[in-house]
$ cat structure_4.pdb   # PDB, C-alpha atoms
ATOM      1  CA  MET A 146       0.000   0.000   0.000
ATOM      2  CA  LEU A 147       2.752   2.471   0.964
ATOM      3  CA  ALA A 148       4.660   1.616  -2.192
ATOM      4  CA  TYR A 149       1.558   2.284  -4.281
ATOM      5  CA  ILE A 150       0.949   5.658  -2.601
ATOM      6  CA  ALA A 151       4.588   6.654  -3.100
ATOM      7  CA  LYS A 152       4.415   5.617  -6.750
ATOM      8  CA  ARG A 153       1.247   7.658  -7.306
ATOM      9  CA  LEU A 154       2.746  10.689  -5.587
ATOM     10  CA  LEU A 155       5.792  10.496  -7.851
ATOM     11  CA  ALA A 156       3.464  10.196 -10.839
ATOM     12  CA  THR A 157       1.979  13.590  -9.986
ATOM     13  CA  ILE A 158       5.280  15.291 -10.880
ATOM     14  CA  PRO A 159       5.068  14.774 -14.679
ATOM     15  CA  VAL A 160       1.332  15.487 -14.571
ATOM     16  CA  MET A 161       1.897  18.825 -12.870
ATOM     17  CA  ALA A 162       4.744  19.570 -15.294
ATOM     18  CA  VAL A 163       2.405  19.086 -18.263
ATOM     19  CA  VAL A 164      -0.222  21.280 -16.583
ATOM     20  CA  ALA A 165       2.393  23.980 -15.972
ATOM     21  CA  VAL A 166       3.455  24.003 -19.643
ATOM     22  CA  PHE A 167      -0.147  24.094 -20.809
ATOM     23  CA  VAL A 168      -1.162  26.920 -18.479
ATOM     24  CA  PHE A 169       1.896  29.006 -19.275
ATOM     25  CA  ALA A 170       1.474  28.618 -23.046
ATOM     26  CA  LEU A 171      -2.293  29.186 -22.958
ATOM     27  CA  LEU A 172      -2.018  32.470 -21.071
ATOM     28  CA  ARG A 173       0.850  33.780 -23.178
ATOM     29  CA  LEU A 174      -0.741  32.927 -26.526
ATOM     30  CA  THR A 175      -4.195  34.387 -25.842
ATOM     31  CA  PRO A 176      -4.866  37.932 -27.127
ATOM     32  CA  GLY A 177      -4.265  40.878 -24.816
ATOM     33  CA  ASP A 178      -1.333  42.604 -23.181
ATOM     34  CA  PRO A 179      -1.198  42.751 -19.369
ATOM     35  CA  ALA A 180       1.228  45.688 -19.579
ATOM     36  CA  ALA A 181      -1.367  47.731 -21.466
ATOM     37  CA  ILE A 182      -4.035  46.829 -18.907
ATOM     38  CA  ILE A 183      -1.791  47.818 -15.998
ATOM     39  CA  ALA A 184      -0.740  51.064 -17.674
ATOM     40  CA  GLY A 185      -4.308  52.160 -18.324
ATOM     41  CA  SER A 186      -5.985  53.803 -21.300
ATOM     42  CA  ALA A 187      -4.130  57.121 -20.868
ATOM     43  CA  ALA A 188      -0.645  55.564 -21.019
ATOM     44  CA  THR A 189       1.740  56.107 -23.885
ATOM     45  CA  SER A 190       3.468  53.376 -25.848
ATOM     46  CA  GLN A 191       6.663  54.134 -23.938
ATOM     47  CA  ASP A 192       4.863  53.629 -20.618
ATOM     48  CA  VAL A 193       3.633  50.236 -21.815
ATOM     49  CA  ALA A 194       7.121  49.313 -23.015
ATOM     50  CA  ASN A 195       8.620  50.237 -19.634
ATOM     51  CA  ILE A 196       6.093  48.063 -17.819
ATOM     52  CA  ARG A 197       6.789  45.147 -20.157
ATOM     53  CA  LEU A 198      10.514  45.552 -19.476
ATOM     54  CA  LYS A 199       9.949  45.667 -15.710
ATOM     55  CA  LEU A 200       7.776  42.540 -15.740
ATOM     56  CA  GLY A 201      10.079  40.655 -18.078
ATOM     57  CA  LEU A 202       7.384  40.350 -20.753
ATOM     58  CA  ASP A 203       9.779  41.550 -23.449
ATOM     59  CA  GLU A 204      11.805  38.334 -23.151
ATOM     60  CA  PRO A 205      11.160  35.347 -25.465
ATOM     61  CA  ILE A 206       8.395  33.013 -24.274
ATOM     62  CA  VAL A 207      10.854  30.154 -23.720
ATOM     63  CA  THR A 208      13.023  32.371 -21.515
ATOM     64  CA  GLN A 209       9.979  33.541 -19.569
ATOM     65  CA  PHE A 210       8.917  29.934 -19.011
ATOM     66  CA  PHE A 211      12.248  28.737 -17.619
ATOM     67  CA  VAL A 212      12.576  31.808 -15.394
ATOM     68  CA  TRP A 213       9.076  31.183 -14.070
ATOM     69  CA  LEU A 214       9.766  27.447 -13.625
ATOM     70  CA  GLY A 215      12.953  28.171 -11.679
ATOM     71  CA  ASN A 216      11.117  30.569  -9.400
ATOM     72  CA  MET A 217       8.367  28.006  -8.853
ATOM     73  CA  ALA A 218      10.939  25.385  -7.857
ATOM     74  CA  ARG A 219      12.125  27.772  -5.119
ATOM     75  CA  GLY A 220       8.554  28.379  -3.945
ATOM     76  CA  ASP A 221       8.453  31.863  -5.461
ATOM     77  CA  PHE A 222       5.146  32.330  -7.311
ATOM     78  CA  GLY A 223       6.000  35.892  -8.216
ATOM     79  CA  GLU A 224       4.155  39.136  -7.615
ATOM     80  CA  SER A 225       0.655  39.837  -8.838
ATOM     81  CA  PHE A 226       0.567  42.340 -11.706
ATOM     82  CA  PHE A 227      -2.874  43.586 -10.697
ATOM     83  CA  PHE A 228      -3.022  43.285  -6.897
ATOM     84  CA  LYS A 229       0.590  44.408  -6.312
ATOM     85  CA  ARG A 230       1.186  41.671  -3.737
ATOM     86  CA  THR A 231       3.062  38.408  -3.688
ATOM     87  CA  VAL A 232       0.958  35.633  -5.175
ATOM     88  CA  ALA A 233       1.664  33.343  -2.199
ATOM     89  CA  SER A 234       0.172  35.812   0.300
ATOM     90  CA  LEU A 235      -2.728  36.571  -2.031
ATOM     91  CA  VAL A 236      -3.639  32.907  -2.436
ATOM     92  CA  GLY A 237      -3.149  32.302   1.295
ATOM     93  CA  ASP A 238      -5.711  34.973   2.151
ATOM     94  CA  ARG A 239      -8.262  33.456  -0.236
ATOM     95  CA  VAL A 240      -7.907  29.783   0.718
ATOM     96  CA  GLU A 241     -10.184  29.803   3.786
ATOM     97  CA  PRO A 242     -13.453  30.899   2.088
ATOM     98  CA  THR A 243     -13.016  28.394  -0.742
ATOM     99  CA  LEU A 244     -12.011  25.580   1.613
ATOM    100  CA  MET A 245     -14.934  26.202   3.969
ATOM    101  CA  LEU A 246     -17.413  26.440   1.095
ATOM    102  CA  SER A 247     -16.119  23.227  -0.469
ATOM    103  CA  LEU A 248     -16.124  21.275   2.813
ATOM    104  CA  THR A 249     -19.647  22.335   3.803
ATOM    105  CA  THR A 250     -20.892  21.544   0.300
ATOM    106  CA  ILE A 251     -19.396  18.056   0.265
ATOM    107  CA  VAL A 252     -20.587  17.232   3.805
ATOM    108  CA  LEU A 253     -24.087  18.547   3.089
ATOM    109  CA  SER A 254     -24.265  16.683  -0.229
ATOM    110  CA  VAL A 255     -23.162  13.351   1.240
ATOM    111  CA  LEU A 256     -25.426  13.584   4.302
ATOM    112  CA  ILE A 257     -28.470  14.274   2.123
ATOM    113  CA  ALA A 258     -27.726  12.342  -1.067
ATOM    114  CA  VAL A 259     -26.639   8.952   0.305
ATOM    115  CA  PRO A 260     -29.776   8.400   2.461
ATOM    116  CA  LEU A 261     -31.955   9.628  -0.423
ATOM    117  CA  GLY A 262     -30.324   7.175  -2.806
ATOM    118  CA  VAL A 263     -30.649   4.253  -0.381
ATOM    119  CA  VAL A 264     -34.325   4.971   0.319
ATOM    120  CA  ALA A 265     -35.057   5.424  -3.393
ATOM    121  CA  ALA A 266     -33.440   2.060  -4.163
ATOM    122  CA  TYR A 267     -35.297   0.289  -1.372
ATOM    123  CA  ARG A 268     -38.591   1.904  -2.448
ATOM    124  CA  GLN A 269     -38.038   1.365  -6.147
ATOM    125  CA  GLY A 270     -41.038   2.323  -8.253
ATOM    126  CA  THR A 271     -42.825   4.203  -5.453
ATOM    127  CA  TRP A 272     -43.527   7.930  -5.250
ATOM    128  CA  ILE A 273     -40.380   8.379  -3.120
ATOM    129  CA  ASP A 274     -38.257   6.888  -5.889
ATOM    130  CA  ARG A 275     -39.908   9.069  -8.523
ATOM    131  CA  ILE A 276     -39.362  12.232  -6.467
ATOM    132  CA  VAL A 277     -35.674  11.450  -5.931
ATOM    133  CA  MET A 278     -35.139  10.692  -9.618
ATOM    134  CA  GLY A 279     -37.050  13.818 -10.617
ATOM    135  CA  PHE A 280     -34.850  15.904  -8.327
ATOM    136  CA  SER A 281     -31.764  14.286  -9.863
ATOM    137  CA  VAL A 282     -32.847  15.308 -13.356
ATOM    138  CA  LEU A 283     -33.681  18.821 -12.154
ATOM    139  CA  GLY A 284     -30.361  19.167 -10.353
ATOM    140  CA  PHE A 285     -28.446  18.374 -13.533
ATOM    141  CA  SER A 286     -30.586  20.652 -15.689
ATOM    142  CA  VAL A 287     -30.572  23.963 -13.812
ATOM    143  CA  PRO A 288     -27.349  26.053 -13.947
ATOM    144  CA  VAL A 289     -25.644  26.865 -10.660
ATOM    145  CA  PHE A 290     -26.001  30.641 -11.022
ATOM    146  CA  VAL A 291     -29.773  30.325 -11.600
ATOM    147  CA  ILE A 292     -30.149  28.329  -8.387
ATOM    148  CA  GLY A 293     -28.062  30.927  -6.574
ATOM    149  CA  TYR A 294     -30.148  33.881  -7.714
ATOM    150  CA  VAL A 295     -33.402  32.069  -6.887
ATOM    151  CA  LEU A 296     -32.204  31.278  -3.354
ATOM    152  CA  ILE A 297     -31.036  34.877  -2.891
ATOM    153  CA  TYR A 298     -34.416  36.207  -4.004
ATOM    154  CA  VAL A 299     -36.425  33.861  -1.765
ATOM    155  CA  PHE A 300     -34.385  33.609   1.434
ATOM    156  CA  ALA A 301     -32.395  36.857   1.425
ATOM    157  CA  ILE A 302     -34.681  39.396  -0.259
ATOM    158  CA  GLU A 303     -38.257  38.189   0.252
ATOM    159  CA  LEU A 304     -37.950  36.398   3.606
ATOM    160  CA  ALA A 305     -34.855  38.319   4.823
ATOM    161  CA  TRP A 306     -33.645  35.282   6.737
ATOM    162  CA  LEU A 307     -30.063  35.276   5.476
ATOM    163  CA  PRO A 308     -27.489  37.776   4.185
ATOM    164  CA  VAL A 309     -27.474  38.377   0.452
ATOM    165  CA  GLN A 310     -23.731  38.191  -0.142
ATOM    166  CA  GLY A 311     -20.343  38.236   1.539
ATOM    167  CA  TYR A 312     -18.279  36.032   3.807
ATOM    168  CA  GLN A 313     -17.382  36.155   7.490
ATOM    169  CA  PRO A 314     -14.315  34.259   8.745
ATOM    170  CA  LEU A 315     -14.871  31.575  11.345
ATOM    171  CA  ARG A 316     -12.682  33.425  13.845
ATOM    172  CA  ASP A 317     -15.148  36.353  13.819
ATOM    173  CA  GLY A 318     -18.063  34.246  15.057
ATOM    174  CA  VAL A 319     -19.694  30.918  14.252
ATOM    175  CA  GLY A 320     -23.172  32.416  13.781
ATOM    176  CA  GLY A 321     -22.237  34.888  11.074
ATOM    177  CA  PHE A 322     -19.917  32.348   9.490
ATOM    178  CA  LEU A 323     -22.731  29.799   9.095
ATOM    179  CA  GLN A 324     -25.302  32.393   7.996
ATOM    180  CA  ARG A 325     -23.153  33.458   5.073
ATOM    181  CA  LEU A 326     -22.343  29.893   4.025
ATOM    182  CA  VAL A 327     -25.883  28.497   3.988
ATOM    183  CA  LEU A 328     -27.020  29.881   0.634
ATOM    184  CA  PRO A 329     -23.719  29.323  -1.236
ATOM    185  CA  SER A 330     -23.467  25.763   0.089
ATOM    186  CA  LEU A 331     -27.062  24.968  -0.857
ATOM    187  CA  THR A 332     -26.523  26.451  -4.296
ATOM    188  CA  LEU A 333     -23.394  24.464  -4.946
ATOM    189  CA  SER A 334     -24.653  21.230  -3.392
ATOM    190  CA  VAL A 335     -27.798  20.831  -5.536
ATOM    191  CA  ILE A 336     -25.990  19.320  -8.500
ATOM    192  CA  TYR A 337     -23.839  17.086  -6.287
ATOM    193  CA  ILE A 338     -26.813  15.857  -4.280
ATOM    194  CA  ALA A 339     -28.465  14.928  -7.574
ATOM    195  CA  LEU A 340     -25.336  13.169  -8.839
ATOM    196  CA  ILE A 341     -24.530  11.259  -5.652
ATOM    197  CA  ALA A 342     -28.173  10.284  -5.000
ATOM    198  CA  ARG A 343     -28.545   8.891  -8.514
ATOM    199  CA  ILE A 344     -25.362   6.820  -8.335
ATOM    200  CA  THR A 345     -26.204   5.635  -4.804
ATOM    201  CA  ARG A 346     -29.635   4.487  -5.943
ATOM    202  CA  THR A 347     -28.191   2.598  -8.917
ATOM    203  CA  SER A 348     -25.445   0.931  -6.874
ATOM    204  CA  VAL A 349     -27.671  -0.084  -3.966
ATOM    205  CA  LEU A 350     -30.365  -1.298  -6.341
ATOM    206  CA  GLU A 351     -27.864  -3.606  -8.000
ATOM    207  CA  VAL A 352     -26.669  -4.970  -4.645
ATOM    208  CA  LEU A 353     -30.208  -5.551  -3.335
ATOM    209  CA  GLY A 354     -30.649  -8.285  -5.932
ATOM    210  CA  GLU A 355     -27.700 -10.330  -4.629
ATOM    211  CA  ASP A 356     -28.123 -13.648  -2.823
ATOM    212  CA  TYR A 357     -26.541 -12.480   0.434
ATOM    213  CA  ILE A 358     -29.178  -9.740   0.740
ATOM    214  CA  ARG A 359     -31.961 -12.305   0.419
ATOM    215  CA  THR A 360     -30.169 -14.458   2.982
ATOM    216  CA  ALA A 361     -29.909 -11.541   5.406
ATOM    217  CA  ARG A 362     -33.620 -10.852   5.006
ATOM    218  CA  ALA A 363     -34.447 -14.520   5.485
ATOM    219  CA  LYS A 364     -32.538 -14.481   8.775
ATOM    220  CA  GLY A 365     -34.905 -11.799  10.016
ATOM    221  CA  LEU A 366     -32.332  -9.019  10.280
ATOM    222  CA  PRO A 367     -33.766  -5.529  10.743
ATOM    223  CA  ARG A 368     -34.330  -3.496   7.591
ATOM    224  CA  SER A 369     -31.801  -0.862   8.653
ATOM    225  CA  THR A 370     -29.115  -3.507   9.181
ATOM    226  CA  VAL A 371     -29.725  -5.027   5.770
ATOM    227  CA  LEU A 372     -29.550  -1.638   4.053
ATOM    228  CA  MET A 373     -26.590  -0.135   5.906
ATOM    229  CA  ARG A 374     -24.335  -3.074   6.797
ATOM    230  CA  HIS A 375     -24.942  -5.275   3.759
ATOM    231  CA  ALA A 376     -26.314  -3.237   0.859
ATOM    232  CA  LEU A 377     -24.672   0.169   1.308
ATOM    233  CA  ARG A 378     -21.318  -1.236   2.396
ATOM    234  CA  ASN A 379     -21.035  -3.432  -0.694
ATOM    235  CA  ALA A 380     -22.202  -0.600  -2.948
ATOM    236  CA  ALA A 381     -19.716   1.875  -1.504
ATOM    237  CA  VAL A 382     -17.016   1.742  -4.201
ATOM    238  CA  PRO A 383     -18.963   3.514  -6.989
ATOM    239  CA  ILE A 384     -20.442   5.903  -4.415
ATOM    240  CA  VAL A 385     -17.003   6.901  -3.140
ATOM    241  CA  THR A 386     -15.861   7.271  -6.748
ATOM    242  CA  VAL A 387     -18.605   9.746  -7.591
ATOM    243  CA  ILE A 388     -18.047  11.626  -4.318
ATOM    244  CA  GLY A 389     -14.376  12.022  -5.255
ATOM    245  CA  ILE A 390     -15.264  13.144  -8.767
ATOM    246  CA  GLY A 391     -17.819  15.581  -7.345
ATOM    247  CA  ALA A 392     -15.253  17.035  -4.964
ATOM    248  CA  ALA A 393     -12.863  17.562  -7.862
ATOM    249  CA  LEU A 394     -15.584  19.140 -10.008
ATOM    250  CA  LEU A 395     -16.299  21.621  -7.224
ATOM    251  CA  ILE A 396     -13.528  23.727  -8.728
ATOM    252  CA  GLY A 397     -15.737  24.916 -11.559
ATOM    253  CA  GLY A 398     -18.770  25.375  -9.332
ATOM    254  CA  VAL A 399     -16.794  27.381  -6.782
ATOM    255  CA  VAL A 400     -15.816  29.949  -9.416
ATOM    256  CA  VAL A 401     -19.457  30.621 -10.324
ATOM    257  CA  THR A 402     -20.825  30.462  -6.778
ATOM    258  CA  GLU A 403     -18.215  32.787  -5.314
ATOM    259  CA  SER A 404     -18.935  35.292  -8.071
ATOM    260  CA  VAL A 405     -22.694  35.175  -7.423
ATOM    261  CA  PHE A 406     -22.353  35.568  -3.655
ATOM    262  CA  SER A 407     -19.310  37.896  -3.680
ATOM    263  CA  ILE A 408     -17.224  35.481  -1.624
ATOM    264  CA  PRO A 409     -13.531  36.492  -1.587
ATOM    265  CA  GLY A 410     -12.182  33.031  -2.314
ATOM    266  CA  LEU A 411      -9.951  31.425  -4.910
ATOM    267  CA  GLY A 412     -12.770  31.205  -7.438
ATOM    268  CA  ARG A 413     -13.428  34.934  -7.332
ATOM    269  CA  LEU A 414      -9.676  35.548  -7.387
ATOM    270  CA  THR A 415      -9.386  33.462 -10.559
ATOM    271  CA  VAL A 416     -12.062  35.495 -12.325
ATOM    272  CA  ASP A 417     -10.483  38.819 -11.315
ATOM    273  CA  ALA A 418      -7.008  37.637 -12.312
ATOM    274  CA  VAL A 419      -8.149  36.361 -15.719
ATOM    275  CA  LEU A 420      -9.946  39.630 -16.504
ATOM    276  CA  ALA A 421      -6.826  41.584 -15.483
ATOM    277  CA  ARG A 422      -4.479  39.277 -17.427
ATOM    278  CA  ASP A 423      -2.614  38.683 -14.171
ATOM    279  CA  TYR A 424      -0.343  35.845 -15.326
ATOM    280  CA  PRO A 425       1.349  34.930 -12.021
ATOM    281  CA  THR A 426      -1.918  34.730 -10.093
ATOM    282  CA  VAL A 427      -3.793  32.708 -12.716
ATOM    283  CA  GLN A 428      -0.917  30.258 -13.071
ATOM    284  CA  ALA A 429      -0.603  29.724  -9.311
ATOM    285  CA  VAL A 430      -4.338  29.198  -8.791
ATOM    286  CA  ILE A 431      -4.701  26.759 -11.680
ATOM    287  CA  LEU A 432      -1.680  24.761 -10.525
ATOM    288  CA  LEU A 433      -3.139  24.634  -7.008
ATOM    289  CA  PHE A 434      -6.501  23.415  -8.310
ATOM    290  CA  SER A 435      -4.750  20.804 -10.469
ATOM    291  CA  LEU A 436      -2.769  19.508  -7.495
ATOM    292  CA  VAL A 437      -5.950  19.226  -5.414
ATOM    293  CA  TYR A 438      -7.622  17.302  -8.248
ATOM    294  CA  VAL A 439      -4.733  14.827  -8.480
ATOM    295  CA  LEU A 440      -4.605  14.306  -4.706
ATOM    296  CA  LEU A 441      -8.361  13.710  -4.531
ATOM    297  CA  ASN A 442      -8.064  10.989  -7.157
ATOM    298  CA  LEU A 443      -5.271   9.425  -5.108
ATOM    299  CA  LEU A 444      -7.430   9.462  -1.961
ATOM    300  CA  VAL A 445     -10.278   7.781  -3.830
ATOM    301  CA  ASP A 446      -7.973   5.024  -5.100
ATOM    302  CA  VAL A 447      -6.625   4.420  -1.599
ATOM    303  CA  ALA A 448     -10.158   4.344  -0.162
ATOM    304  CA  TYR A 449     -11.035   1.445  -2.490
ATOM    305  CA  THR A 450      -8.714  -0.896  -0.599
ATOM    306  CA  PHE A 451     -10.482  -0.179   2.706
ATOM    307  CA  LEU A 452     -13.974  -0.549   1.262
ATOM    308  CA  ASP A 453     -13.306  -3.726  -0.708
ATOM    309  CA  PRO A 454     -10.573  -6.082   0.609
ATOM    310  CA  ARG A 455     -10.481  -7.791  -2.805
ATOM    311  CA  ILE A 456      -8.903  -4.693  -4.359
ATOM    312  CA  ARG A 457      -5.144  -4.702  -4.105
ATOM    313  CA  TYR A 458      -2.514  -2.680  -5.896
TER     314      TYR A 458
END

$ encode --input "structure_4.pdb" --output "structure tokens"
Amino acid sequence: MLAYIAKRLLATIPVMAVVAVFVFALLRLTPGDPAAIIAGSAATSQDVANIRLKLGLDEPIVTQFFVWLGNMARGDFGESFFFKRTVASLVGDRVEPTLMLSLTTIVLSVLIAVPLGVVAAYRQGTWIDRIVMGFSVLGFSVPVFVIGYVLIYVFAIELAWLPVQGYQPLRDGVGGFLQRLVLPSLTLSVIYIALIARITRTSVLEVLGEDYIRTARAKGLPRSTVLMRHALRNAAVPIVTVIGIGAALLIGGVVVTESVFSIPGLGRLTVDAVLARDYPTVQAVILLFSLVYVLLNLLVDVAYTFLDPRIRY
């Protein structure tokens, strides 16, 4: 097991190297000049040239790449063109909102979706099953920003139960922290509840037809024991897989949700940096998201061995 984990960790190095090349080339080859954006509309061509010289943008792309790669190897992500701060400190300030939003979304999605999927499988063909499946279709169909605006209108504007936008750090009070995370978490979790509930239903439904389930029922075991200890446990591998995929896909949803609710996290930072052509910030954020994605896939693979003893690497 340890050898497999070490091998997978080493495999992340070439993956991240490919991502770094792709991100660097994509940003440099897209239209637009960050020096012109920084200089402003009233700047002269000489002003723009001076800024390009200061930022090293007048060097060949290959030279820029190796300079950037060397700085990255030393842990130096550079200085933001737009925010005038080091990228490391900028990303560090934005990690907490994104991390808290992602964690609450995943926990909320799993706590709601897994029981829904199990009940829908056990009650196959009933009105409960049809409601769960209908919600799954709806969750996949409605865009995240539409759900966000609807929840804002209902719970923040009409009912005035929750704040419209913003974020309060946990250190400033649990009450305000939770109030400002409720709507974003609900918005972001709808699609993942639909996804996880659908896969849970399918997996449990397949397991419920196995002989050992009929044997457990014939022994007179309680319904909850049959569902949780026998059915859900043996259906856990595909469920954990989709939970891991959902956690990785949160990256895209976080960008939209943080923009809708004005949350100062990494998603909002990415949007601002892209609009400002802030190369160092965009590169650092994308590399961070890519690393998280790779590590989540590793955790899912490792979890397989604990859920199913037959799986060995």

$ closest_residue --input "structure_4.pdb" --among "A:Ile251, A:Ile344, A:Ala429, A:Val207" --to "Thr332 in chain A" --atoms "all atoms listed in the file"
A:Ile251

$ atom_distance --input "structure_4.pdb" --atom1 "CA of Leu443 in chain A" --atom2 "CA of Val166 in chain A"
22.4 Å

$ closest_residue --input "structure_4.pdb" --among "A:Asp417, A:Glu224, A:Glu403, A:Asp423" --to "Val289 in chain A" --atoms "only C-alpha atoms"
A:Glu403

$ resolve_selection --input "structure_4.pdb" --expression "the PyMOL selection byres ((chain A and resi 269-278) around 12)" --output "ChimeraX atom specification"
/A:257-268,279-285,338-347,349-351,353

$ atom_distance --input "structure_4.pdb" --atom1 "CA of Gly201 in chain A" --atom2 "CA of Phe227 in chain A"
15.2 Å

$ residues_near_point --input "structure_4.pdb" --point "(-19.4, 2.8, -6.4)" --cutoff "10 Å" --atoms "only C-alpha atoms" --output "list in words"
Ile341, Ile344, Thr345, Thr347, Ser348, Val349, Leu377, Arg378, Asn379, Ala380, Ala381, Val382, Pro383, Ile384, Val385, Thr386, Val387, Ile388, Tyr449 and Leu452 of chain A

$ atom_distance --input "structure_4.pdb" --atom1 "CA of Val193 in chain A" --atom2 "CA of Lys229 in chain A"
16.8 Å

$ axis_aligned_box --input "structure_4.pdb" --around "range 212-225 of chain A" --padding-each-side "5 Å" --output "AutoDock Vina command-line options"
--center_x 6.8 --center_y 32.6 --center_z -9.7 --size_x 22.3 --size_y 24.5 --size_z 21.4

$ resolve_selection --input "structure_4.pdb" --expression "the PyMOL selection byres ((chain A and resi 297) around 9)" --output "list of chain:residue names"
A:Ile292, A:Gly293, A:Tyr294, A:Val295, A:Leu296, A:Tyr298, A:Val299, A:Phe300, A:Ala301, A:Ile302, A:Glu303, A:Leu307, A:Pro308, A:Val309, A:Gln310, A:Leu328, A:Phe406
